[in-house]
$ cat query_19.txt   # compact mmCIF, C-alpha atoms
# COMPACT_ATOMS: atom_id res chain seq x y z
CA MET W 404 -59.00 -20.53 -51.45
CA LYS W 405 -61.77 -18.24 -52.62
CA TYR W 406 -62.05 -14.81 -51.07
CA LEU W 407 -64.81 -12.28 -51.19
CA VAL W 408 -63.44 -8.75 -51.09
CA VAL W 409 -65.93 -6.01 -50.20
CA TYR W 410 -64.93 -2.37 -50.12
CA ASP W 411 -66.47 0.86 -49.01
CA ILE W 412 -64.33 3.89 -49.75
CA THR W 413 -65.52 7.46 -49.37
CA GLU W 414 -63.48 9.27 -52.00
CA ASP W 415 -64.51 8.57 -55.60
CA ASP W 416 -61.02 8.63 -57.13
CA VAL W 417 -59.55 6.36 -54.46
CA ARG W 418 -62.49 3.96 -54.83
CA ASP W 419 -61.92 3.88 -58.60
CA LYS W 420 -58.23 3.12 -58.06
CA VAL W 421 -59.04 0.28 -55.64
CA ARG W 422 -61.61 -1.21 -58.00
CA SER W 423 -59.17 -1.05 -60.89
CA ALA W 424 -56.39 -2.57 -58.76
CA LEU W 425 -58.62 -5.42 -57.54
CA LYS W 426 -59.38 -6.24 -61.17
CA ASP W 427 -55.69 -6.07 -62.12
CA TYR W 428 -54.80 -8.42 -59.25
CA GLY W 429 -57.08 -11.07 -60.72
CA GLY W 430 -60.39 -10.37 -59.00
CA THR W 431 -63.73 -11.13 -60.61
CA ARG W 432 -66.31 -8.46 -59.98
CA ILE W 433 -69.57 -9.91 -58.72
CA GLN W 434 -71.22 -6.73 -57.44
CA TYR W 435 -70.52 -3.02 -57.62
CA ARG W 436 -68.45 -3.21 -54.47
CA ALA W 437 -67.52 -6.86 -54.28
CA PHE W 438 -64.89 -8.99 -55.99
CA VAL W 439 -64.07 -12.68 -55.77
CA PHE W 440 -60.49 -13.94 -55.77
CA ASP W 441 -59.03 -17.42 -56.00
CA LYS W 442 -55.72 -16.95 -54.19
CA SER W 443 -53.55 -18.42 -51.48
CA GLU W 444 -53.60 -16.84 -48.03
CA VAL W 445 -50.19 -15.25 -48.68
CA GLU W 446 -51.19 -13.90 -52.09
CA MET W 447 -54.40 -12.43 -50.66
CA ALA W 448 -52.46 -10.78 -47.82
CA GLN W 449 -50.12 -9.21 -50.39
CA ILE W 450 -53.06 -7.88 -52.39
CA MET W 451 -54.60 -6.38 -49.25
CA LEU W 452 -51.30 -4.71 -48.44
CA LYS W 453 -51.26 -3.12 -51.89
CA VAL W 454 -54.86 -1.97 -51.41
CA LYS W 455 -53.90 -0.49 -48.06
CA ARG W 456 -51.20 1.56 -49.78
CA ILE W 457 -53.72 2.85 -52.35
CA ILE W 458 -56.18 3.88 -49.64
CA GLY W 459 -53.44 5.63 -47.68
CA ASN W 460 -55.04 7.97 -45.20
CA THR W 461 -58.40 8.41 -46.90
CA LYS W 462 -61.58 7.06 -45.29
CA GLY W 463 -62.44 3.50 -46.13
CA LYS W 464 -62.84 -0.11 -45.20
CA VAL W 465 -61.87 -3.18 -47.20
CA MET W 466 -62.47 -6.74 -46.06
CA ALA W 467 -61.16 -9.99 -47.51
CA ILE W 468 -63.35 -12.85 -46.34
CA PRO W 469 -62.17 -16.41 -47.05
CA ILE W 470 -64.89 -18.75 -48.30
CA CYS W 471 -64.02 -22.44 -48.09
CA ALA W 472 -65.21 -24.87 -50.78
CA ARG W 473 -68.06 -26.19 -48.63
CA ASP W 474 -69.36 -22.65 -48.07
CA VAL W 475 -69.08 -21.73 -51.76
CA ASP W 476 -71.56 -24.52 -52.50
CA LYS W 477 -74.04 -23.03 -50.07
CA VAL W 478 -74.10 -19.45 -51.37
CA VAL W 479 -77.67 -18.25 -51.96
CA THR W 480 -78.07 -15.74 -54.78
CA ILE W 481 -81.14 -13.73 -55.73
CA ALA W 482 -80.70 -11.84 -58.99
CA TYR W 483 -83.17 -10.15 -61.26
CA LYS W 484 -82.19 -8.36 -64.48
CA TYR W 485 -78.87 -7.59 -62.81
CA GLU W 486 -76.05 -6.09 -64.82
CA LEU W 487 -72.57 -4.92 -64.01
CA PRO W 488 -71.13 -2.04 -66.05
CA GLU W 489 -67.92 -3.73 -67.23
CA GLU W 490 -68.20 -7.46 -66.81
CA ASP W 491 -70.89 -10.07 -66.69
CA SER W 492 -72.33 -11.09 -63.39
CA VAL W 493 -70.56 -14.21 -62.16
CA VAL W 494 -71.92 -16.70 -59.67
CA ILE W 495 -69.21 -17.80 -57.25
CA MET C 103 -73.52 -20.11 -38.98
CA LYS C 104 -72.40 -16.64 -39.93
CA TYR C 105 -73.50 -15.23 -43.26
CA LEU C 106 -72.33 -12.23 -45.17
CA VAL C 107 -75.15 -10.65 -47.14
CA VAL C 108 -74.14 -8.25 -49.90
CA TYR C 109 -76.71 -6.43 -51.98
CA ASP C 110 -76.72 -4.29 -55.07
CA ILE C 111 -80.13 -2.89 -55.94
CA THR C 112 -80.70 -0.27 -58.59
CA GLU C 113 -83.79 1.53 -57.28
CA ASP C 114 -83.18 3.72 -54.23
CA ASP C 115 -86.49 3.06 -52.47
CA VAL C 116 -86.22 -0.72 -52.93
CA ARG C 117 -82.62 -0.65 -51.71
CA ASP C 118 -83.72 1.29 -48.62
CA LYS C 119 -86.45 -1.26 -47.94
CA VAL C 120 -84.00 -4.16 -48.26
CA ARG C 121 -81.48 -2.48 -45.97
CA SER C 122 -84.16 -1.79 -43.39
CA ALA C 123 -85.49 -5.36 -43.64
CA LEU C 124 -82.02 -6.88 -43.27
CA LYS C 125 -81.59 -4.88 -40.08
CA ASP C 126 -85.03 -5.94 -38.80
CA TYR C 127 -84.21 -9.60 -39.46
CA GLY C 128 -81.24 -9.35 -37.12
CA GLY C 129 -78.41 -8.39 -39.45
CA THR C 130 -75.44 -6.31 -38.33
CA ARG C 131 -74.36 -3.76 -40.86
CA ILE C 132 -70.62 -3.91 -41.53
CA GLN C 133 -70.47 -1.86 -44.72
CA TYR C 134 -72.86 0.31 -46.71
CA ARG C 135 -74.01 -2.68 -48.70
CA ALA C 136 -73.07 -5.59 -46.48
CA PHE C 137 -74.64 -7.17 -43.41
CA VAL C 138 -73.57 -10.07 -41.23
CA PHE C 139 -76.07 -12.58 -39.84
CA ASP C 140 -75.73 -15.36 -37.32
CA LYS C 141 -78.50 -17.71 -38.44
CA SER C 142 -79.22 -21.32 -39.29
CA GLU C 143 -79.33 -22.34 -42.94
CA VAL C 144 -83.15 -22.53 -42.81
CA GLU C 145 -83.50 -19.12 -41.13
CA MET C 146 -81.18 -17.54 -43.68
CA ALA C 147 -83.13 -19.10 -46.56
CA GLN C 148 -86.34 -17.65 -45.11
CA ILE C 149 -84.77 -14.20 -44.85
CA MET C 150 -83.60 -14.40 -48.45
CA LEU C 151 -87.12 -15.37 -49.53
CA LYS C 152 -88.49 -12.28 -47.79
CA VAL C 153 -85.83 -10.14 -49.47
CA LYS C 154 -86.77 -11.66 -52.82
CA ARG C 155 -90.37 -10.55 -52.26
CA ILE C 156 -89.24 -7.00 -51.45
CA ILE C 157 -87.12 -6.81 -54.60
CA GLY C 158 -90.00 -8.15 -56.71
CA ASN C 159 -89.28 -7.39 -60.34
CA THR C 160 -86.87 -4.49 -59.87
CA LYS C 161 -83.22 -4.85 -60.85
CA GLY C 162 -80.95 -6.22 -58.19
CA LYS C 163 -78.73 -8.92 -56.80
CA VAL C 164 -78.46 -10.15 -53.25
CA MET C 165 -76.07 -12.84 -52.09
CA ALA C 166 -75.92 -14.67 -48.78
CA ILE C 167 -72.48 -16.20 -48.34
CA PRO C 168 -71.94 -18.61 -45.45
CA ILE C 169 -68.71 -18.09 -43.53
CA CYS C 170 -67.69 -21.00 -41.32
CA ALA C 171 -65.98 -20.37 -37.97
CA ARG C 172 -62.52 -21.18 -39.35
CA ASP C 173 -62.98 -18.65 -42.13
CA VAL C 174 -64.29 -15.94 -39.78
CA ASP C 175 -60.95 -16.13 -37.92
CA LYS C 176 -59.10 -15.47 -41.17
CA VAL C 177 -60.95 -12.36 -42.30
CA VAL C 178 -58.53 -9.55 -43.18
CA THR C 179 -59.85 -6.04 -42.58
CA ILE C 180 -58.31 -2.72 -43.57
CA ALA C 181 -60.14 0.24 -42.10
CA TYR C 182 -59.22 3.87 -41.77
CA LYS C 183 -61.46 6.49 -40.17
CA TYR C 184 -64.39 4.42 -41.35
CA GLU C 185 -67.90 5.27 -40.21
CA LEU C 186 -71.31 3.91 -40.97
CA PRO C 187 -74.25 6.33 -40.88
CA GLU C 188 -76.44 4.46 -38.40
CA GLU C 189 -74.39 1.91 -36.54
CA ASP C 190 -70.83 1.42 -35.49
CA SER C 191 -68.53 -0.56 -37.69
CA VAL C 192 -68.39 -4.14 -36.48
CA VAL C 193 -65.63 -6.63 -37.11
CA ILE C 194 -67.05 -10.07 -37.89

$ encode --input "query_19.txt" --output "structure tokens"
Amino acid sequence: MKYLVVYDITEDDVRDKVRSALKDYGGTRIQYRAFVFDKSEVEMAQIMLKVKRIIGNTKGKVMAIPICARDVDKVVTIAYKYELPEEDSVVI
Amino acid sequence: MKYLVVYDITEDDVRDKVRSALKDYGGTRIQYRAFVFDKSEVEMAQIMLKVKRIIGNTKGKVMAIPICARDVDKVVTIAYKYELPEEDSVVI
């Protein structure tokens, strides 16, 4: 199952840690604050639990949204001269 | 159909315009750079076309990701003391 993970974390260092962790856990960065994962439901839940531990009691919100195969085919993307700092932009 | 719209736009004024437009078109803001819509496929395509016109030839990427009812039920959210500047945080 594909998952879109979007995060919004107030503290810079915590946000950096979460971004780095999401990459380490196999996520593909598609926007500054969005990663795509291809994981089972259990694996994704484990990743979210790890993220929860990183966030601890700092302000933030992280969502993992499952996207079934049918929905992946219907994603609409507008992009113009778009670049990510570390990786290439990937269309899910 | 529910849609998650995530946007990443380099220029501040264009990003502000897109955010404001997404709200005007009926989106509910769930994160700084993410809105949820409940629209038909045609309506969502029309909204994305309008967003494309706003972005013009400035750098940016906007994605509209359909989330079917089954997937909405499986969204995992971690939130701690999270606040949005204008609206309340909404769980999709």

$ closest_residue --input "query_19.txt" --among "W:Tyr485, W:Ile468, W:Ala437, W:Val475" --to "Arg418 in chain W" --atoms "all atoms listed in the file"
W:Ala437

$ interface_residues --input "query_19.txt" --of "chain W" --to "chain C" --cutoff "10 Å" --atoms "all atoms listed in the file" --output "PyMOL selection string"
chain W and resi 406-413+433-437+444+447-448+451-452+454-455+458-471+473-487+492+494-495

$ atom_distance --input "query_19.txt" --atom1 "CA of Met404 in chain W" --atom2 "CA of Arg432 in chain W"
16.5 Å
